[in-house]
Amino acid sequence: MAPADTLLRRDRRGRDRPRRPGPARPVRTRVLSSEQFTGWSFVTPGAFIILLFGAAPIVWSMVMSFQHSTLLSAQTPFVGLRNYRQLASDPVVVEAIQHTLVYTALFVPGTMIVGLFLAVAMNRKIRLLWLYRTAAYATMAISTISEAIVFIWLFDPSYGIVNYLLGVFGVPPQQFLNSPSQALYVIVVMTIWGWTGFAVVIYLAALQGIPEEMDEAAAIDGAGAWNRFWHVTLPMLRPTLVLVITLGLIGTWQVFDQVYLLGPNNPTIPTPAYYSYTESFGSSAFGVGAAVAFLLFVLIVVLTVLQRKLLPEDIES
């Protein structure tokens with residue numbers, strides 16, 4: 001047999017003949033033909049786009065938060081922490097944080113429960129399953145503008161179908177879109193409905209990855225349907241639950257579209273993102289708006305890190 005450090009080649013009769021390795025290839029050739037170079041070639045365009053449209057605006061927002069900027073003047077003097085002190089003394093900021101906390105307390109559990117319930121139901125072999133899955137997934141393909149138009153029509157005080165159904169049971173018409181507190185609940189319902197399709201897709205993928213043998217073994221041991229779900233299925237879904245919670249918390253502090261679209265009907269539901277928009281484009285106080293945006297970035301990073309520490313994905317934790 002040929003030595004281990006030799007290469008083999010075949011002659012015309014198909015016999016292996018040892019061949020000594022040739023001279024080493026140039027460094028440039030080895031780099032261009034390496035797997036690392038191929039991988040970086042695919043990653044670099046995406047990384048450049050992320051840096052250009054992700055990291056650069058964050059840095060610019062941080063710098064602008066210490067400036068007095070209107071985007072209409074070439075002079076942008078640094079004002080130190082004045083923009084942040086203005087946020088600390090503005091009662092609208094406190095109201096926006098309160099609305100966001102209420103929204104988070106309702107939206108995150110609602111999305112988790114509704115999405116998990118539908119995913120478990122769709123993971124069974126039932127008739128017309130394709131129809132139910134299509135209906136759940138359809139919420140992912142509908143734009144926020146379309147959702148807002150539909151919900152404005154549903155909760156309209158004059159001709160909305162919700163008030164019509166309430167009238168059937170003798171309940172007087174409600175001013176859903178004209179009351180800040182009630183409009184906030186409308187936004188909660190609308191966003192839960194919009195996020196349900198995403199949650200169902202994530203949960204269903206995780207459910208289909210759980211081995212059936214585990215559920216069958218628990219059934220043989222005498223565990224009922226609820227015990228199998230609570231002690232077998234749910235622990236296996238822990239990484240998925242952490243993912244849904246993390247994305248839900250990030251989304252709650254970025255709520256803007258729904259509030260903006262309902263603005264003509266109810267302009268008194270401030271959220272941090274909407275407050276940043278109104279200060280920037282409504283009052284031309286881009287320094288204050290940038291301060292809000294940068295604080296949101298820092299808050300989201302801190303919440304994500306804390307959540308990963310408090311809710312590890314490891315099932316044995």
# chains A, B, ... in the order shown; residues from 1 in each chain; ligands from 1

$ residues_around --residues "range 99-103 of chain A" --least-positions-apart "6" --cutoff "7 Å" --atoms "only C-alpha atoms" --output "list in words"
Val188, Thr252, Trp253 and Thr271 of chain A

$ residues_around --residues "range 172-186 of chain A" --least-positions-apart "6" --cutoff "10 Å" --atoms "only C-alpha atoms" --output "ChimeraX atom specification"
/A:99-100,102-103,106-107,148,151-152,154-160,162-166,192,258-259,262-270

$ atom_distance --atom1 "CA of Val59 in chain A" --atom2 "CA of Phe294 in chain A"
8.8 Å

$ closest_atom_pairs --of "range 218-250 of chain A" --to "range 297-308 of chain A" --cutoff "10 Å" --atoms "only C-alpha atoms" --output "JSON lines"
{"residue": "A:Val242", "atom": "CA", "partner": "A:Arg308", "partner_atom": "CA", "distance": 7.9}
{"residue": "A:Leu243", "atom": "CA", "partner": "A:Arg308", "partner_atom": "CA", "distance": 9.5}
{"residue": "A:Ile245", "atom": "CA", "partner": "A:Gln307", "partner_atom": "CA", "distance": 8.7}
{"residue": "A:Thr246", "atom": "CA", "partner": "A:Thr304", "partner_atom": "CA", "distance": 6.4}
{"residue": "A:Leu247", "atom": "CA", "partner": "A:Thr304", "partner_atom": "CA", "distance": 8.9}
{"residue": "A:Leu249", "atom": "CA", "partner": "A:Ile300", "partner_atom": "CA", "distance": 8.0}
{"residue": "A:Ile250", "atom": "CA", "partner": "A:Ile300", "partner_atom": "CA", "distance": 6.0}

$ residues_around --residues "Ile202 in chain A" --least-positions-apart "6" --cutoff "9 Å" --atoms "only C-alpha atoms" --output "list in words"
Gly115, Ala119, Thr240, Leu243 and Val244 of chain A

$ closest_residue --among "A:Ile145, A:Leu116, A:Ile161, A:Ala206" --to "Leu237 in chain A" --atoms "only C-alpha atoms"
A:Ala206

$ closest_residue --among "A:Ala55, A:Val120, A:Ile142, A:Ala47" --to "Phe229 in chain A" --atoms "only C-alpha atoms"
A:Val120

$ closest_residue --among "A:Asp257, A:Glu279, A:Glu35, A:Glu213" --to "Asp90 in chain A" --atoms "only C-alpha atoms"
A:Glu279

$ select_by_dssp --residues "range 122-197 of chain A" --states "alpha helix (DSSP H)" --output "PyMOL selection string"
chain A and resi 122+129-141+144-154+161-168+180-197

$ closest_residue --among "A:Gln208, A:Gln36, A:Gln254, A:Thr233" --to "Thr104 in chain A" --atoms "only C-alpha atoms"
A:Gln254

$ residues_around --residues "Arg133 in chain A" --least-positions-apart "6" --cutoff "9 Å" --atoms "only C-alpha atoms" --output "PyMOL selection string"
chain A and resi 119+122+197+200

$ write_last_selection --atoms "N, CA and C atoms" --output "compact mmCIF listing (two decimals), in the first residue's frame"
# COMPACT_ATOMS: atom_id res chain seq x y z
N ALA A 119 -52.01 25.77 17.93
CA ALA A 119 -50.99 24.86 17.41
C ALA A 119 -51.23 23.44 17.89
N MET A 122 -54.07 22.04 15.91
CA MET A 122 -53.73 21.75 14.51
C MET A 122 -52.68 20.66 14.38
N GLY A 197 -50.74 33.99 13.86
CA GLY A 197 -50.20 33.14 12.80
C GLY A 197 -48.72 32.84 13.01
N VAL A 200 -48.35 30.39 15.91
CA VAL A 200 -48.79 29.05 15.53
C VAL A 200 -47.71 28.34 14.71

$ atom_distance --atom1 "CA of Ile220 in chain A" --atom2 "CA of Ala205 in chain A"
25.3 Å

$ closest_residue --among "A:Leu81, A:Ile50, A:Val92, A:Leu207" --to "Ala121 in chain A" --atoms "only C-alpha atoms"
A:Leu207

$ atom_distance --atom1 "CA of Glu212 in chain A" --atom2 "CA of Val232 in chain A"
10.6 Å
